[in-house]
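query.cif (mmCIF, N, CA and C atoms)
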data_my_file
loop_
_atom_site.label_atom_id
_atom_site.label_comp_id
_atom_site.auth_asym_id
_atom_site.auth_seq_id
_atom_site.Cartn_x
_atom_site.Cartn_y
_atom_site.Cartn_z
N MET U 1 7.98 -9.00 -7.12
CA MET U 1 7.97 -7.64 -7.61
C MET U 1 9.38 -7.29 -8.08
N PRO U 2 9.51 -6.65 -9.26
CA PRO U 2 10.85 -6.31 -9.75
C PRO U 2 11.51 -5.23 -8.89
N LEU U 3 12.83 -5.26 -8.86
CA LEU U 3 13.60 -4.29 -8.09
C LEU U 3 14.39 -3.39 -9.03
N ASP U 4 14.58 -2.13 -8.61
CA ASP U 4 15.44 -1.25 -9.39
C ASP U 4 16.89 -1.47 -8.98
N ARG U 5 17.81 -0.73 -9.55
CA ARG U 5 19.24 -0.95 -9.30
C ARG U 5 19.65 -0.67 -7.86
N ASN U 6 18.78 0.03 -7.10
CA ASN U 6 19.06 0.33 -5.70
C ASN U 6 18.37 -0.64 -4.74
N GLY U 7 17.68 -1.63 -5.29
CA GLY U 7 16.99 -2.60 -4.45
C GLY U 7 15.60 -2.19 -4.01
N LEU U 8 15.06 -1.12 -4.60
CA LEU U 8 13.70 -0.70 -4.29
C LEU U 8 12.71 -1.44 -5.18
N GLU U 9 11.56 -1.81 -4.63
CA GLU U 9 10.52 -2.45 -5.43
C GLU U 9 9.96 -1.45 -6.42
N ILE U 10 9.81 -1.85 -7.66
CA ILE U 10 9.18 -1.02 -8.68
C ILE U 10 7.69 -1.35 -8.67
N LEU U 11 6.88 -0.37 -8.33
CA LEU U 11 5.44 -0.60 -8.20
C LEU U 11 4.76 -0.54 -9.56
N PRO U 12 3.83 -1.47 -9.83
CA PRO U 12 3.08 -1.41 -11.08
C PRO U 12 2.07 -0.25 -11.05
N ARG U 13 1.60 0.14 -12.21
CA ARG U 13 0.69 1.28 -12.34
C ARG U 13 -0.52 1.17 -11.42
N ASP U 14 -1.17 0.01 -11.36
CA ASP U 14 -2.37 -0.11 -10.53
C ASP U 14 -2.05 0.10 -9.05
N ALA U 15 -0.90 -0.34 -8.58
CA ALA U 15 -0.50 -0.11 -7.18
C ALA U 15 -0.23 1.37 -6.94
N CYS U 16 0.40 2.03 -7.91
CA CYS U 16 0.65 3.47 -7.79
C CYS U 16 -0.67 4.25 -7.71
N LEU U 17 -1.62 3.90 -8.55
CA LEU U 17 -2.92 4.58 -8.52
C LEU U 17 -3.64 4.34 -7.20
N GLU U 18 -3.55 3.13 -6.68
CA GLU U 18 -4.18 2.84 -5.39
C GLU U 18 -3.54 3.66 -4.27
N LEU U 19 -2.23 3.80 -4.30
CA LEU U 19 -1.55 4.63 -3.30
C LEU U 19 -1.95 6.10 -3.45
N LEU U 20 -2.08 6.57 -4.67
CA LEU U 20 -2.55 7.95 -4.88
C LEU U 20 -3.96 8.14 -4.32
N ARG U 21 -4.81 7.14 -4.50
CA ARG U 21 -6.19 7.22 -3.97
C ARG U 21 -6.20 7.23 -2.44
N SER U 22 -5.17 6.65 -1.83
CA SER U 22 -5.15 6.50 -0.37
C SER U 22 -4.76 7.78 0.38
N ARG U 23 -4.36 8.80 -0.32
CA ARG U 23 -3.91 10.03 0.32
C ARG U 23 -4.71 11.22 -0.20
N THR U 24 -4.60 12.34 0.51
CA THR U 24 -5.28 13.57 0.08
C THR U 24 -4.35 14.78 0.06
N ILE U 25 -3.12 14.60 0.52
CA ILE U 25 -2.12 15.68 0.50
C ILE U 25 -0.94 15.21 -0.33
N GLY U 26 -0.51 16.05 -1.26
CA GLY U 26 0.65 15.75 -2.09
C GLY U 26 1.52 16.98 -2.20
N ARG U 27 2.58 16.86 -2.98
CA ARG U 27 3.49 17.98 -3.18
C ARG U 27 3.69 18.20 -4.67
N VAL U 28 3.67 19.46 -5.07
CA VAL U 28 3.94 19.83 -6.45
C VAL U 28 5.34 20.42 -6.50
N GLY U 29 6.21 19.83 -7.31
CA GLY U 29 7.55 20.35 -7.53
C GLY U 29 7.57 21.13 -8.83
N LEU U 30 8.04 22.36 -8.77
CA LEU U 30 8.05 23.22 -9.94
C LEU U 30 9.23 24.18 -9.87
N THR U 31 9.37 24.98 -10.91
CA THR U 31 10.44 25.97 -10.95
C THR U 31 9.84 27.34 -10.70
N ARG U 32 10.44 28.08 -9.75
CA ARG U 32 10.00 29.45 -9.46
C ARG U 32 11.25 30.32 -9.45
N ASP U 33 11.26 31.33 -10.31
CA ASP U 33 12.41 32.22 -10.44
C ASP U 33 13.68 31.42 -10.73
N ALA U 34 13.58 30.44 -11.61
CA ALA U 34 14.68 29.59 -12.06
C ALA U 34 15.25 28.69 -10.96
N LEU U 35 14.52 28.54 -9.86
CA LEU U 35 14.96 27.67 -8.77
C LEU U 35 13.87 26.65 -8.47
N PRO U 36 14.26 25.44 -8.07
CA PRO U 36 13.25 24.43 -7.75
C PRO U 36 12.56 24.75 -6.42
N THR U 37 11.27 24.43 -6.37
CA THR U 37 10.51 24.57 -5.12
C THR U 37 9.48 23.45 -5.06
N ILE U 38 9.08 23.10 -3.85
CA ILE U 38 8.10 22.04 -3.63
C ILE U 38 7.03 22.61 -2.72
N LEU U 39 5.77 22.51 -3.16
CA LEU U 39 4.66 23.12 -2.43
C LEU U 39 3.56 22.08 -2.17
N PRO U 40 2.99 22.08 -0.97
CA PRO U 40 1.92 21.11 -0.67
C PRO U 40 0.60 21.52 -1.32
N VAL U 41 -0.18 20.51 -1.68
CA VAL U 41 -1.55 20.72 -2.19
C VAL U 41 -2.44 19.62 -1.65
N ASN U 42 -3.72 19.93 -1.50
CA ASN U 42 -4.68 18.88 -1.24
C ASN U 42 -5.28 18.48 -2.58
N TYR U 43 -5.59 17.19 -2.72
CA TYR U 43 -5.99 16.67 -4.02
C TYR U 43 -6.91 15.48 -3.86
N ARG U 44 -7.49 15.06 -4.97
CA ARG U 44 -8.22 13.80 -5.09
C ARG U 44 -7.85 13.19 -6.43
N LEU U 45 -7.90 11.87 -6.51
CA LEU U 45 -7.68 11.17 -7.77
C LEU U 45 -9.05 10.87 -8.37
N VAL U 46 -9.30 11.42 -9.55
CA VAL U 46 -10.58 11.26 -10.24
C VAL U 46 -10.28 10.71 -11.64
N ASP U 47 -10.75 9.51 -11.92
CA ASP U 47 -10.54 8.87 -13.23
C ASP U 47 -9.08 8.95 -13.66
N GLU U 48 -8.18 8.58 -12.77
CA GLU U 48 -6.74 8.56 -13.03
C GLU U 48 -6.19 9.95 -13.34
N GLN U 49 -6.89 10.98 -12.91
CA GLN U 49 -6.42 12.36 -13.02
C GLN U 49 -6.28 12.91 -11.60
N ILE U 50 -5.14 13.56 -11.33
CA ILE U 50 -4.96 14.23 -10.04
C ILE U 50 -5.64 15.59 -10.16
N VAL U 51 -6.58 15.86 -9.28
CA VAL U 51 -7.28 17.15 -9.26
C VAL U 51 -6.89 17.85 -7.97
N TYR U 52 -6.32 19.06 -8.08
CA TYR U 52 -5.90 19.77 -6.88
C TYR U 52 -6.38 21.22 -6.91
N ALA U 53 -6.52 21.77 -5.71
CA ALA U 53 -6.99 23.13 -5.53
C ALA U 53 -5.82 24.03 -5.17
N THR U 54 -5.84 25.25 -5.72
CA THR U 54 -4.80 26.21 -5.38
C THR U 54 -5.31 27.62 -5.65
N GLY U 55 -4.58 28.57 -5.15
CA GLY U 55 -4.90 29.98 -5.38
C GLY U 55 -3.97 30.57 -6.42
N THR U 56 -3.96 31.90 -6.48
CA THR U 56 -3.07 32.60 -7.38
C THR U 56 -1.66 32.50 -6.83
N GLY U 57 -0.73 32.09 -7.65
CA GLY U 57 0.66 31.96 -7.20
C GLY U 57 1.42 31.01 -8.08
N SER U 58 2.48 30.44 -7.53
CA SER U 58 3.40 29.61 -8.30
C SER U 58 2.73 28.41 -8.94
N LYS U 59 1.85 27.71 -8.20
CA LYS U 59 1.24 26.50 -8.73
C LYS U 59 0.30 26.81 -9.87
N SER U 60 -0.49 27.88 -9.74
CA SER U 60 -1.41 28.23 -10.83
C SER U 60 -0.65 28.81 -12.01
N LEU U 61 0.39 29.60 -11.75
CA LEU U 61 1.19 30.16 -12.85
C LEU U 61 1.91 29.06 -13.62
N ALA U 62 2.38 28.03 -12.93
CA ALA U 62 3.03 26.91 -13.62
C ALA U 62 2.06 26.27 -14.60
N ALA U 63 0.82 26.09 -14.18
CA ALA U 63 -0.18 25.48 -15.06
C ALA U 63 -0.52 26.41 -16.22
N LEU U 64 -0.72 27.67 -15.92
CA LEU U 64 -1.11 28.60 -16.97
C LEU U 64 0.00 28.81 -17.99
N HIS U 65 1.25 28.63 -17.57
CA HIS U 65 2.38 28.76 -18.50
C HIS U 65 2.82 27.42 -19.07
N GLU U 66 2.02 26.38 -18.83
CA GLU U 66 2.28 25.02 -19.33
C GLU U 66 3.67 24.53 -18.94
N GLN U 67 4.03 24.77 -17.70
CA GLN U 67 5.30 24.33 -17.14
C GLN U 67 5.18 22.88 -16.67
N VAL U 68 6.17 22.07 -16.96
CA VAL U 68 6.19 20.70 -16.48
C VAL U 68 6.41 20.72 -14.97
N VAL U 69 5.60 19.93 -14.25
CA VAL U 69 5.73 19.82 -12.81
C VAL U 69 5.88 18.35 -12.43
N ALA U 70 6.33 18.14 -11.22
CA ALA U 70 6.34 16.81 -10.63
C ALA U 70 5.37 16.84 -9.46
N PHE U 71 4.58 15.79 -9.31
CA PHE U 71 3.65 15.65 -8.20
C PHE U 71 4.08 14.41 -7.44
N GLU U 72 4.19 14.52 -6.12
CA GLU U 72 4.70 13.40 -5.33
C GLU U 72 3.86 13.18 -4.08
N VAL U 73 3.65 11.90 -3.78
CA VAL U 73 2.96 11.46 -2.57
C VAL U 73 3.80 10.33 -1.98
N ASP U 74 3.92 10.29 -0.66
CA ASP U 74 4.72 9.23 -0.05
C ASP U 74 4.25 8.92 1.35
N ASP U 75 4.85 7.90 1.90
CA ASP U 75 4.63 7.53 3.29
C ASP U 75 5.90 6.82 3.75
N ALA U 76 6.28 7.05 4.99
CA ALA U 76 7.49 6.42 5.51
C ALA U 76 7.35 6.12 6.99
N ASP U 77 7.95 5.04 7.41
CA ASP U 77 8.04 4.67 8.80
C ASP U 77 9.53 4.49 9.10
N SER U 78 10.13 5.51 9.72
CA SER U 78 11.58 5.47 9.94
C SER U 78 11.98 4.41 10.96
N THR U 79 11.09 4.06 11.86
CA THR U 79 11.42 3.03 12.85
C THR U 79 11.55 1.67 12.18
N ARG U 80 10.60 1.34 11.33
CA ARG U 80 10.63 0.05 10.64
C ARG U 80 11.42 0.08 9.34
N ARG U 81 11.86 1.28 8.95
CA ARG U 81 12.63 1.47 7.72
C ARG U 81 11.85 0.97 6.51
N GLU U 82 10.57 1.38 6.45
CA GLU U 82 9.70 1.04 5.34
C GLU U 82 9.11 2.32 4.78
N GLY U 83 8.74 2.27 3.51
CA GLY U 83 8.08 3.42 2.93
C GLY U 83 7.87 3.25 1.44
N TRP U 84 7.17 4.21 0.87
CA TRP U 84 6.90 4.19 -0.56
C TRP U 84 6.80 5.63 -1.07
N SER U 85 6.91 5.77 -2.37
CA SER U 85 6.80 7.07 -3.02
C SER U 85 6.20 6.87 -4.41
N VAL U 86 5.29 7.75 -4.79
CA VAL U 86 4.71 7.76 -6.14
C VAL U 86 4.94 9.15 -6.72
N VAL U 87 5.43 9.20 -7.96
CA VAL U 87 5.71 10.46 -8.63
C VAL U 87 5.00 10.49 -9.97
N VAL U 88 4.36 11.62 -10.26
CA VAL U 88 3.70 11.86 -11.54
C VAL U 88 4.35 13.10 -12.14
N VAL U 89 4.68 13.04 -13.42
CA VAL U 89 5.28 14.18 -14.11
C VAL U 89 4.39 14.56 -15.28
N GLY U 90 4.13 15.85 -15.42
CA GLY U 90 3.30 16.31 -16.53
C GLY U 90 3.03 17.79 -16.47
N ILE U 91 2.13 18.23 -17.33
CA ILE U 91 1.74 19.63 -17.40
C ILE U 91 0.31 19.74 -16.85
N PRO U 92 0.13 20.47 -15.74
CA PRO U 92 -1.23 20.64 -15.20
C PRO U 92 -2.08 21.52 -16.11
N ARG U 93 -3.37 21.26 -16.11
CA ARG U 93 -4.32 22.03 -16.91
C ARG U 93 -5.44 22.51 -15.99
N GLU U 94 -5.89 23.74 -16.22
CA GLU U 94 -7.00 24.25 -15.44
C GLU U 94 -8.26 23.50 -15.85
N LEU U 95 -9.09 23.19 -14.85
CA LEU U 95 -10.33 22.46 -15.12
C LEU U 95 -11.40 23.42 -15.60
N ASP U 96 -12.08 23.05 -16.66
CA ASP U 96 -13.27 23.79 -17.07
C ASP U 96 -14.52 23.00 -16.68
N ASP U 97 -14.34 21.84 -16.18
CA ASP U 97 -15.34 20.89 -15.70
C ASP U 97 -16.31 20.42 -16.77
N GLY U 98 -15.90 20.48 -18.02
CA GLY U 98 -16.72 19.90 -19.07
C GLY U 98 -16.86 18.40 -18.92
N ASP U 99 -15.89 17.77 -18.25
CA ASP U 99 -15.94 16.32 -18.07
C ASP U 99 -16.37 15.90 -16.67
N GLY U 100 -16.69 16.87 -15.81
CA GLY U 100 -17.20 16.56 -14.47
C GLY U 100 -16.16 16.26 -13.42
N HIS U 101 -14.86 16.38 -13.75
CA HIS U 101 -13.83 16.07 -12.78
C HIS U 101 -13.89 16.98 -11.55
N ALA U 102 -14.13 18.26 -11.75
CA ALA U 102 -14.17 19.19 -10.60
C ALA U 102 -15.32 18.84 -9.67
N ALA U 103 -16.49 18.61 -10.23
CA ALA U 103 -17.66 18.27 -9.40
C ALA U 103 -17.42 16.97 -8.65
N ARG U 104 -16.81 16.00 -9.30
CA ARG U 104 -16.55 14.72 -8.62
C ARG U 104 -15.51 14.88 -7.53
N ALA U 105 -14.47 15.70 -7.78
CA ALA U 105 -13.45 15.93 -6.76
C ALA U 105 -14.04 16.62 -5.54
N VAL U 106 -14.90 17.59 -5.77
CA VAL U 106 -15.57 18.28 -4.65
C VAL U 106 -16.47 17.31 -3.91
N ALA U 107 -17.20 16.45 -4.65
CA ALA U 107 -18.06 15.46 -4.00
C ALA U 107 -17.24 14.46 -3.18
N MET U 108 -15.97 14.26 -3.56
CA MET U 108 -15.07 13.36 -2.83
C MET U 108 -14.40 14.06 -1.65
N GLY U 109 -14.74 15.33 -1.43
CA GLY U 109 -14.21 16.04 -0.27
C GLY U 109 -13.09 17.02 -0.55
N LEU U 110 -12.77 17.29 -1.81
CA LEU U 110 -11.71 18.25 -2.11
C LEU U 110 -12.17 19.64 -1.74
N ARG U 111 -11.47 20.24 -0.80
CA ARG U 111 -11.75 21.61 -0.36
C ARG U 111 -10.42 22.34 -0.22
N PRO U 112 -10.33 23.53 -0.77
CA PRO U 112 -9.10 24.31 -0.56
C PRO U 112 -8.91 24.59 0.93
N TRP U 113 -7.70 24.46 1.41
CA TRP U 113 -7.43 24.74 2.82
C TRP U 113 -7.53 26.22 3.12
N ILE U 114 -7.32 27.03 2.11
CA ILE U 114 -7.33 28.47 2.34
C ILE U 114 -8.60 29.12 1.81
N GLY U 115 -9.68 28.33 1.78
CA GLY U 115 -11.00 28.84 1.45
C GLY U 115 -11.10 29.47 0.08
N GLU U 116 -11.74 30.62 0.04
CA GLU U 116 -11.99 31.27 -1.24
C GLU U 116 -10.73 31.83 -1.87
N ARG U 117 -9.63 31.83 -1.14
CA ARG U 117 -8.36 32.28 -1.72
C ARG U 117 -7.77 31.24 -2.66
N ALA U 118 -8.34 30.06 -2.72
CA ALA U 118 -7.86 29.00 -3.61
C ALA U 118 -9.00 28.53 -4.50
N PRO U 119 -9.45 29.41 -5.39
CA PRO U 119 -10.62 29.06 -6.20
C PRO U 119 -10.33 28.23 -7.44
N TYR U 120 -9.05 27.98 -7.74
CA TYR U 120 -8.71 27.30 -8.98
C TYR U 120 -8.53 25.81 -8.77
N LEU U 121 -9.04 25.04 -9.71
CA LEU U 121 -8.83 23.60 -9.71
C LEU U 121 -8.04 23.24 -10.97
N PHE U 122 -7.03 22.41 -10.77
CA PHE U 122 -6.20 21.95 -11.87
C PHE U 122 -6.20 20.43 -11.90
N ARG U 123 -5.93 19.87 -13.06
CA ARG U 123 -5.81 18.43 -13.20
C ARG U 123 -4.45 18.11 -13.78
N LEU U 124 -3.95 16.96 -13.40
CA LEU U 124 -2.67 16.48 -13.89
C LEU U 124 -2.86 15.02 -14.27
N GLY U 125 -2.61 14.71 -15.53
CA GLY U 125 -2.74 13.33 -16.00
C GLY U 125 -1.67 12.44 -15.40
N THR U 126 -1.94 11.16 -15.37
CA THR U 126 -1.01 10.20 -14.77
C THR U 126 -0.31 9.33 -15.83
N GLU U 127 -0.16 9.87 -17.03
CA GLU U 127 0.51 9.10 -18.08
C GLU U 127 1.96 8.78 -17.69
N ARG U 128 2.64 9.73 -17.06
CA ARG U 128 4.02 9.51 -16.60
C ARG U 128 3.99 9.32 -15.11
N LEU U 129 3.91 8.07 -14.70
CA LEU U 129 3.70 7.68 -13.31
C LEU U 129 4.74 6.64 -12.93
N SER U 130 5.33 6.81 -11.77
CA SER U 130 6.26 5.78 -11.29
C SER U 130 6.16 5.69 -9.77
N GLY U 131 6.47 4.53 -9.26
CA GLY U 131 6.41 4.33 -7.82
C GLY U 131 7.47 3.36 -7.35
N ARG U 132 7.92 3.58 -6.13
CA ARG U 132 8.92 2.71 -5.52
C ARG U 132 8.53 2.45 -4.08
N ARG U 133 8.92 1.29 -3.60
CA ARG U 133 8.70 0.93 -2.19
C ARG U 133 10.00 0.35 -1.66
N VAL U 134 10.34 0.74 -0.42
CA VAL U 134 11.50 0.15 0.23
C VAL U 134 11.13 -1.29 0.53
N ALA U 135 11.87 -2.20 -0.08
CA ALA U 135 11.59 -3.61 0.10
C ALA U 135 12.01 -4.04 1.50
N VAL U 136 11.12 -4.70 2.19
CA VAL U 136 11.44 -5.22 3.52
C VAL U 136 12.25 -6.48 3.31
N ARG U 137 13.45 -6.47 3.84
CA ARG U 137 14.35 -7.61 3.67
C ARG U 137 14.53 -8.31 5.00
N PRO U 138 14.65 -9.62 4.98
CA PRO U 138 14.92 -10.32 6.23
C PRO U 138 16.29 -9.92 6.77
N ALA U 139 16.42 -9.88 8.08
CA ALA U 139 17.69 -9.53 8.70
C ALA U 139 18.75 -10.57 8.34
N ALA U 140 19.94 -10.08 8.10
CA ALA U 140 21.05 -10.98 7.78
C ALA U 140 21.42 -11.77 9.03
N SER U 141 21.66 -13.05 8.84
CA SER U 141 22.05 -13.87 9.98
C SER U 141 23.54 -13.71 10.27
N ALA U 142 23.87 -13.73 11.51
CA ALA U 142 25.28 -13.59 11.93
C ALA U 142 26.03 -14.88 11.63
N PRO U 143 27.28 -14.76 11.19
CA PRO U 143 28.06 -15.98 10.90
C PRO U 143 28.46 -16.73 12.16
#

How would this structure read if it were set down as structure tokens?
Amino acid sequence: MPLDRNGLEILPRDACLELLRSRTIGRVGLTRDALPTILPVNYRLVDEQIVYATGTGSKSLAALHEQVVAFEVDDADSTRREGWSVVVVGIPRELDDGDGHAARAVAMGLRPWIGERAPYLFRLGTERLSGRRVAVRPAASAP
């Protein structure tokens, strides 16, 4: 697997998509009042589209104003010093469900955590997708 300049493994697209499928909670990074913020969302990956539920607020306003966001999912084990991260960058779009993504996401278990207060579903394409994994290296031998 290729390494970046910091020694992290660069994950291929199919591995990134598989890692996205393996989780249901992610984070949306966006700008609110000219400052960066990161907010959790529950999501499902449907046909290489991230579908997430949210209510009225920063996440829905970002989509409605066609603001570029970053979506991130990760896992880390600090004891073993292992982990990975997948980041998607794009403009979220509200689902009209003409293509069935909303129905499929709901069938896959997507439910807003805050019930009817999160009635909006948005999708984010994965065209700009990148992933890294902390490469497990053998321990250096003592001289």

(message) the PyMOL selection byres (((chain U and resi 122-137 and name CA) around 8) and name CA) - which residues does that actually catch in the file I just gave you? List them as a ChimeraX atom specification.
(response) /U:7-13,16,48-54,60,63,81-95,120-121,138-139

Could you turn the residues from that selection into a file that holds N, CA and C atoms, as a compact mmCIF listing (two decimals), in the coordinates of the input?
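So selection-v3.txt came out as:
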# COMPACT_ATOMS: atom_id res chain seq x y z
N GLY U 7 17.68 -1.63 -5.29
CA GLY U 7 16.99 -2.60 -4.45
C GLY U 7 15.60 -2.19 -4.01
N LEU U 8 15.06 -1.12 -4.60
CA LEU U 8 13.70 -0.70 -4.29
C LEU U 8 12.71 -1.44 -5.18
N GLU U 9 11.56 -1.81 -4.63
CA GLU U 9 10.52 -2.45 -5.43
C GLU U 9 9.96 -1.45 -6.42
N ILE U 10 9.81 -1.85 -7.66
CA ILE U 10 9.18 -1.02 -8.68
C ILE U 10 7.69 -1.35 -8.67
N LEU U 11 6.88 -0.37 -8.33
CA LEU U 11 5.44 -0.60 -8.20
C LEU U 11 4.76 -0.54 -9.56
N PRO U 12 3.83 -1.47 -9.83
CA PRO U 12 3.08 -1.41 -11.08
C PRO U 12 2.07 -0.25 -11.05
N ARG U 13 1.60 0.14 -12.21
CA ARG U 13 0.69 1.28 -12.34
C ARG U 13 -0.52 1.17 -11.42
N CYS U 16 0.40 2.03 -7.91
CA CYS U 16 0.65 3.47 -7.79
C CYS U 16 -0.67 4.25 -7.71
N GLU U 48 -8.18 8.58 -12.77
CA GLU U 48 -6.74 8.56 -13.03
C GLU U 48 -6.19 9.95 -13.34
N GLN U 49 -6.89 10.98 -12.91
CA GLN U 49 -6.42 12.36 -13.02
C GLN U 49 -6.28 12.91 -11.60
N ILE U 50 -5.14 13.56 -11.33
CA ILE U 50 -4.96 14.23 -10.04
C ILE U 50 -5.64 15.59 -10.16
N VAL U 51 -6.58 15.86 -9.28
CA VAL U 51 -7.28 17.15 -9.26
C VAL U 51 -6.89 17.85 -7.97
N TYR U 52 -6.32 19.06 -8.08
CA TYR U 52 -5.90 19.77 -6.88
C TYR U 52 -6.38 21.22 -6.91
N ALA U 53 -6.52 21.77 -5.71
CA ALA U 53 -6.99 23.13 -5.53
C ALA U 53 -5.82 24.03 -5.17
N THR U 54 -5.84 25.25 -5.72
CA THR U 54 -4.80 26.21 -5.38
C THR U 54 -5.31 27.62 -5.65
N SER U 60 -0.49 27.88 -9.74
CA SER U 60 -1.41 28.23 -10.83
C SER U 60 -0.65 28.81 -12.01
N ALA U 63 0.82 26.09 -14.18
CA ALA U 63 -0.18 25.48 -15.06
C ALA U 63 -0.52 26.41 -16.22
N ARG U 81 11.86 1.28 8.95
CA ARG U 81 12.63 1.47 7.72
C ARG U 81 11.85 0.97 6.51
N GLU U 82 10.57 1.38 6.45
CA GLU U 82 9.70 1.04 5.34
C GLU U 82 9.11 2.32 4.78
N GLY U 83 8.74 2.27 3.51
CA GLY U 83 8.08 3.42 2.93
C GLY U 83 7.87 3.25 1.44
N TRP U 84 7.17 4.21 0.87
CA TRP U 84 6.90 4.19 -0.56
C TRP U 84 6.80 5.63 -1.07
N SER U 85 6.91 5.77 -2.37
CA SER U 85 6.80 7.07 -3.02
C SER U 85 6.20 6.87 -4.41
N VAL U 86 5.29 7.75 -4.79
CA VAL U 86 4.71 7.76 -6.14
C VAL U 86 4.94 9.15 -6.72
N VAL U 87 5.43 9.20 -7.96
CA VAL U 87 5.71 10.46 -8.63
C VAL U 87 5.00 10.49 -9.97
N VAL U 88 4.36 11.62 -10.26
CA VAL U 88 3.70 11.86 -11.54
C VAL U 88 4.35 13.10 -12.14
N VAL U 89 4.68 13.04 -13.42
CA VAL U 89 5.28 14.18 -14.11
C VAL U 89 4.39 14.56 -15.28
N GLY U 90 4.13 15.85 -15.42
CA GLY U 90 3.30 16.31 -16.53
C GLY U 90 3.03 17.79 -16.47
N ILE U 91 2.13 18.23 -17.33
CA ILE U 91 1.74 19.63 -17.40
C ILE U 91 0.31 19.74 -16.85
N PRO U 92 0.13 20.47 -15.74
CA PRO U 92 -1.23 20.64 -15.20
C PRO U 92 -2.08 21.52 -16.11
N ARG U 93 -3.37 21.26 -16.11
CA ARG U 93 -4.32 22.03 -16.91
C ARG U 93 -5.44 22.51 -15.99
N GLU U 94 -5.89 23.74 -16.22
CA GLU U 94 -7.00 24.25 -15.44
C GLU U 94 -8.26 23.50 -15.85
N LEU U 95 -9.09 23.19 -14.85
CA LEU U 95 -10.33 22.46 -15.12
C LEU U 95 -11.40 23.42 -15.60
N TYR U 120 -9.05 27.98 -7.74
CA TYR U 120 -8.71 27.30 -8.98
C TYR U 120 -8.53 25.81 -8.77
N LEU U 121 -9.04 25.04 -9.71
CA LEU U 121 -8.83 23.60 -9.71
C LEU U 121 -8.04 23.24 -10.97
N PRO U 138 14.65 -9.62 4.98
CA PRO U 138 14.92 -10.32 6.23
C PRO U 138 16.29 -9.92 6.77
N ALA U 139 16.42 -9.88 8.08
CA ALA U 139 17.69 -9.53 8.70
C ALA U 139 18.75 -10.57 8.34

Taking all listed atoms of range 35-45 of chain U, build the axis-aligned box, pad each of the six sides by 5 Å, then write its centre and edge lengths in Å to one decimal as lines of an AutoDock Vina configuration file.
center_x = 3.0
center_y = 19.7
center_z = -5.3
size_x = 34.0
size_y = 27.7
size_z = 19.2

(message) Please report the interatomic distance between CA of Val106 in chain U and atom N of Thr37 in chain U in Å with one decimal.
(response)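 One can read the CA of Val106 in chain U to atom N of Thr37 in chain U distance as 27.6 Å.
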
(request) Could you tell me, as a ChimeraX atom specification, which residues of range 6-130 of chain U DSSP assigns to strand (DSSP E) when given the backbone? (result) /U:8-10,25-32,35-46,49-54,69-77,82-90,93-94,120-125,128-130

(request) Would you return as a list of chain:residue names the members of chain U that DSSP assigns to alpha helix (DSSP H) on this structure's backbone? (result)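 Filtering chain U to alpha helix (DSSP H) leaves U:Arg13, U:Asp14, U:Ala15, U:Cys16, U:Leu17, U:Glu18, U:Leu19, U:Leu20, U:Arg21, U:Ser58, U:Lys59, U:Ser60, U:Leu61, U:Ala62, U:Ala63, U:Leu64, U:His101, U:Ala102, U:Ala103, U:Arg104, U:Ala105, U:Val106, U:Ala107.
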
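Picture a line from atom N of Asp47 in chain U to atom N of Met1 in chain U; it runs 26.8 Å.
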
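Between CA of Arg32 in chain U and atom C of Val46 in chain U the separation is 27.7 Å.
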
(message) Let me make sure I understand: among U:Ala103, U:Val73, U:Val68, U:Leu110, which one has the smallest atom-to-atom distance to Ile25 in chain U if we use all atoms listed in the file?
(response)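 Using all atoms listed in the file, the shortest distance to Ile25 in chain U belongs to U:Val73.
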
(message) Could you check the closest approach to Ala105 in chain U for each of U:Leu45, U:Thr31, U:Arg80, U:Leu17 and tell me which residue wins, using only N, CA and C atoms?
(response)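 For Ala105 in chain U, the nearest of the given residues is U:Leu45.
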